[in-house]
Amino acid sequence: LYLMADDMRPQLGCYGHNMKTPHLDNLAAGGLLFETAYTQFSYCAPSRNSFMTGRRPERTRALNFNSDFRQNHGESWVSMPQHFKNHGYFTSAAGKLYHDGMDDPASWSFPSNQTKWIPCEEGDWADQFGNYCGITNASRVQYTDEVLALAEGLKRLDAAHASGKPWWVGIGVHRPHRSSRVPGGWWGSQMYPGDVEPPKHPLAPIGAPYMSGNWLEGDYHDPAHGCPNCTVPVSRSIEYRRWYYAATSYADHMLGKAINKLEELGVQNRTITVFHADHGYQLGELNEWSKKTDTELATRVPLIVRVPWKVNAIGQRTTVLAELVDMFKTLAELAGIADDVQQDVQGMSLAPLFDEPK
């Protein structure tokens, strides 16, 4: 079970933060938490093209939203889920695994469903710049795109279980990606009503080359943002962060439905469960409201892997350096199908850590 969030930095309860993320915290309590895990590229599509194929971005040549690994390399490459499919696995996905609009039909034995993105809608309560919004009784659309992703994802888990085959199913949610659109009960003011700290280091580094930042193209829209020394006022920074935290908690809640589905199906003790984000995020630190930089906050990701039969790894943490490009070889080895992984797949298998965490 391959679970993903979008734009989520490792600011979770299990990573030592005062956050409401009970499902991911519980996953970490039963698995191995990676303290120092990093993406290959802090941008959605390049990152996903990389870890879904096990090749680094300079090899995928998918460095933006203009091309993907299939366009650049054709059918000769076998993706991670495709490798499992070739070994007789039922494979499918729902939501955002590959980047939106860049799905890979060859990866799936059962069609995937890249459920649609739902932005802030008519009738939502929203901030003046459209950075976050809450569903109200007047909202034209009364559900989030996470509802769609989980509905389709749970259907695929049922289909996978009914197939009688081993399976690889991915479910990806958009939150906490801006705009932070959440239902009632999950608004920033409801989930985190207390004090929220502004960024500790809100200014760009002195002497930083202009090209090292993303000041003009940050994800958050704010008239006070747009140059290295134009900082968002503290009051608005706090609200943006409050709603990002709420969207993180909502993502945890929705992904928890997939984790709980394993228990409903009775397969939780023989299923590998993976969770990570595509990259990290900067919430005003160094005057960035985005990813797309090479900072620690933009490149570091949460990574949790539960392998129930690897008892030495249960509830453990490791500081061994991990990269998302490692996931292909790691999962293939843990599943016992690593012998014929294509020779040009990069990264390294982290499977030995599950016997001897360090």
# chains A, B, ... in the order shown; residues from 1 in each chain; ligands from 1
$ select_by_dssp --residues "segment 5-232 of chain A" --states "alpha helix (DSSP H)" --output "PDB file with C-alpha atoms, in the first residue's frame"
ATOM      1  CA  PRO A  22      -2.792  10.182  14.720  1.00  0.00           C
ATOM      2  CA  HIS A  23      -2.943   7.807  11.740  1.00  0.00           C
ATOM      3  CA  LEU A  24       0.552   8.502  10.469  1.00  0.00           C
ATOM      4  CA  ASP A  25       1.831   8.497  14.059  1.00  0.00           C
ATOM      5  CA  ASN A  26       0.295   5.059  14.509  1.00  0.00           C
ATOM      6  CA  LEU A  27       1.841   3.892  11.235  1.00  0.00           C
ATOM      7  CA  ALA A  28       5.240   5.026  12.515  1.00  0.00           C
ATOM      8  CA  ALA A  29       4.668   3.199  15.813  1.00  0.00           C
ATOM      9  CA  CYS A  44       6.017  17.739  -8.001  1.00  0.00           C
ATOM     10  CA  ALA A  45       6.354  16.219 -11.477  1.00  0.00           C
ATOM     11  CA  PRO A  46      10.153  15.785 -11.537  1.00  0.00           C
ATOM     12  CA  SER A  47      10.079  14.155  -8.105  1.00  0.00           C
ATOM     13  CA  ARG A  48       7.322  11.721  -9.033  1.00  0.00           C
ATOM     14  CA  ASN A  49       8.918  10.808 -12.360  1.00  0.00           C
ATOM     15  CA  SER A  50      12.043  10.003 -10.372  1.00  0.00           C
ATOM     16  CA  PHE A  51      10.846   7.794  -7.520  1.00  0.00           C
ATOM     17  CA  PRO A  57      16.021  13.441 -12.629  1.00  0.00           C
ATOM     18  CA  GLU A  58      19.120  13.877 -14.756  1.00  0.00           C
ATOM     19  CA  ARG A  59      18.354  10.420 -16.161  1.00  0.00           C
ATOM     20  CA  THR A  60      14.557  10.782 -16.491  1.00  0.00           C
ATOM     21  CA  PHE A  69       9.773   9.649 -18.485  1.00  0.00           C
ATOM     22  CA  ARG A  70       7.715   7.827 -21.144  1.00  0.00           C
ATOM     23  CA  GLN A  71       8.036  10.696 -23.601  1.00  0.00           C
ATOM     24  CA  ASN A  72      11.770  10.778 -23.007  1.00  0.00           C
ATOM     25  CA  HIS A  73      12.522   7.034 -22.845  1.00  0.00           C
ATOM     26  CA  MET A  80       8.127   0.578  -9.976  1.00  0.00           C
ATOM     27  CA  PRO A  81       4.464  -0.552 -10.080  1.00  0.00           C
ATOM     28  CA  GLN A  82       5.010  -1.994 -13.554  1.00  0.00           C
ATOM     29  CA  HIS A  83       7.784  -4.189 -12.147  1.00  0.00           C
ATOM     30  CA  PHE A  84       5.303  -5.559  -9.629  1.00  0.00           C
ATOM     31  CA  LYS A  85       2.710  -6.024 -12.384  1.00  0.00           C
ATOM     32  CA  ASN A  86       5.249  -8.019 -14.390  1.00  0.00           C
ATOM     33  CA  ASP A 145     -10.759  15.991  -3.858  1.00  0.00           C
ATOM     34  CA  GLU A 146      -9.463  13.777  -1.024  1.00  0.00           C
ATOM     35  CA  VAL A 147     -12.960  12.310  -0.770  1.00  0.00           C
ATOM     36  CA  LEU A 148     -12.750  11.353  -4.452  1.00  0.00           C
ATOM     37  CA  ALA A 149      -9.236   9.931  -4.140  1.00  0.00           C
ATOM     38  CA  LEU A 150     -10.085   7.774  -1.133  1.00  0.00           C
ATOM     39  CA  ALA A 151     -13.370   6.562  -2.619  1.00  0.00           C
ATOM     40  CA  GLU A 152     -11.554   5.396  -5.744  1.00  0.00           C
ATOM     41  CA  GLY A 153      -8.596   4.114  -3.760  1.00  0.00           C
ATOM     42  CA  LEU A 154     -10.720   1.990  -1.434  1.00  0.00           C
ATOM     43  CA  LYS A 155     -12.532   0.532  -4.460  1.00  0.00           C
ATOM     44  CA  ARG A 156      -9.157  -0.533  -5.821  1.00  0.00           C
ATOM     45  CA  LEU A 157      -8.162  -2.096  -2.530  1.00  0.00           C
ATOM     46  CA  ASP A 158     -11.368  -4.132  -2.657  1.00  0.00           C
ATOM     47  CA  ALA A 159     -10.648  -5.126  -6.255  1.00  0.00           C
ATOM     48  CA  ALA A 160      -7.052  -6.001  -5.399  1.00  0.00           C
ATOM     49  CA  HIS A 161      -8.155  -8.202  -2.504  1.00  0.00           C
ATOM     50  CA  ALA A 162     -10.830  -9.882  -4.639  1.00  0.00           C
ATOM     51  CA  SER A 163      -8.301 -10.633  -7.385  1.00  0.00           C
ATOM     52  CA  GLY A 188      -7.377  26.160  10.500  1.00  0.00           C
ATOM     53  CA  SER A 189      -9.216  28.046  13.232  1.00  0.00           C
ATOM     54  CA  GLN A 190     -10.897  24.816  14.372  1.00  0.00           C
ATOM     55  CA  MET A 191      -7.927  22.464  14.287  1.00  0.00           C
TER      56      MET A 191
END
$ select_by_dssp --residues "segment 253-335 of chain A" --states "strand (DSSP E or B)" --output "list in words"
Thr273, Val274, Phe275, His276, Ala277, Gln282, Leu283, Trp289, Ser290, Arg300, Val301, Pro302, Leu303, Ile304, Val305, Arg306, Gln316, Arg317, Thr318, Ala322 and Glu323 of chain A
$ write_last_selection --atoms "C-alpha atoms" --output "PDB file, in the first residue's frame"
ATOM      1  CA  THR A 273       2.658   0.130   3.925  1.00  0.00           C
ATOM      2  CA  VAL A 274       4.657   3.099   2.668  1.00  0.00           C
ATOM      3  CA  PHE A 275       4.012   6.779   3.284  1.00  0.00           C
ATOM      4  CA  HIS A 276       5.960   9.762   2.044  1.00  0.00           C
ATOM      5  CA  ALA A 277       5.530  13.167   0.395  1.00  0.00           C
ATOM      6  CA  GLN A 282       8.849  26.304   3.129  1.00  0.00           C
ATOM      7  CA  LEU A 283       6.189  28.204   5.047  1.00  0.00           C
ATOM      8  CA  TRP A 289       6.269  30.168   0.371  1.00  0.00           C
ATOM      9  CA  SER A 290       6.915  27.220  -1.883  1.00  0.00           C
ATOM     10  CA  ARG A 300      13.445  16.760   3.285  1.00  0.00           C
ATOM     11  CA  VAL A 301      10.356  14.544   3.369  1.00  0.00           C
ATOM     12  CA  PRO A 302       8.496  12.356   5.846  1.00  0.00           C
ATOM     13  CA  LEU A 303       9.122   8.671   5.090  1.00  0.00           C
ATOM     14  CA  ILE A 304       7.559   5.812   7.039  1.00  0.00           C
ATOM     15  CA  VAL A 305       7.596   2.154   5.983  1.00  0.00           C
ATOM     16  CA  ARG A 306       5.808  -0.584   7.901  1.00  0.00           C
ATOM     17  CA  GLN A 316      12.113   2.212  15.334  1.00  0.00           C
ATOM     18  CA  ARG A 317      13.714   5.328  13.876  1.00  0.00           C
ATOM     19  CA  THR A 318      16.773   5.537  11.667  1.00  0.00           C
ATOM     20  CA  ALA A 322      17.412   7.768   2.546  1.00  0.00           C
ATOM     21  CA  GLU A 323      16.326   9.084  -0.832  1.00  0.00           C
TER      22      GLU A 323
END
$ closest_residue --among "A:Ile135, A:Ile259, A:Leu12, A:Ala335" --to "Gly30 of chain A" --atoms "only C-alpha atoms"
A:Ile259
$ residues_around --residues "segment 244-252 of chain A" --least-positions-apart "6" --cutoff "7 Å" --atoms "only C-alpha atoms" --output "list in words"
Lys20, Thr21, His23, Leu24, Val173, Arg175, Pro176, Ser180, Val182, Trp186, Trp187, Gly188, Met191 and Tyr192 of chain A
$ atom_distance --atom1 "atom CA of Lys292 of chain A" --atom2 "atom CA of Tyr43 of chain A"
5.5 Å
$ residues_around --residues "Pro205 of chain A" --least-positions-apart "6" --cutoff "9 Å" --atoms "only C-alpha atoms" --output "ChimeraX atom specification"
/A:228,286-287
$ residues_around --residues "His174 of chain A" --least-positions-apart "5" --cutoff "9 Å" --atoms "only C-alpha atoms" --output "list in words"
Met4, Ala5, Asp6, Asp7, Gly95, Lys96, Trp117, Asp145, Glu146 and Ala251 of chain A
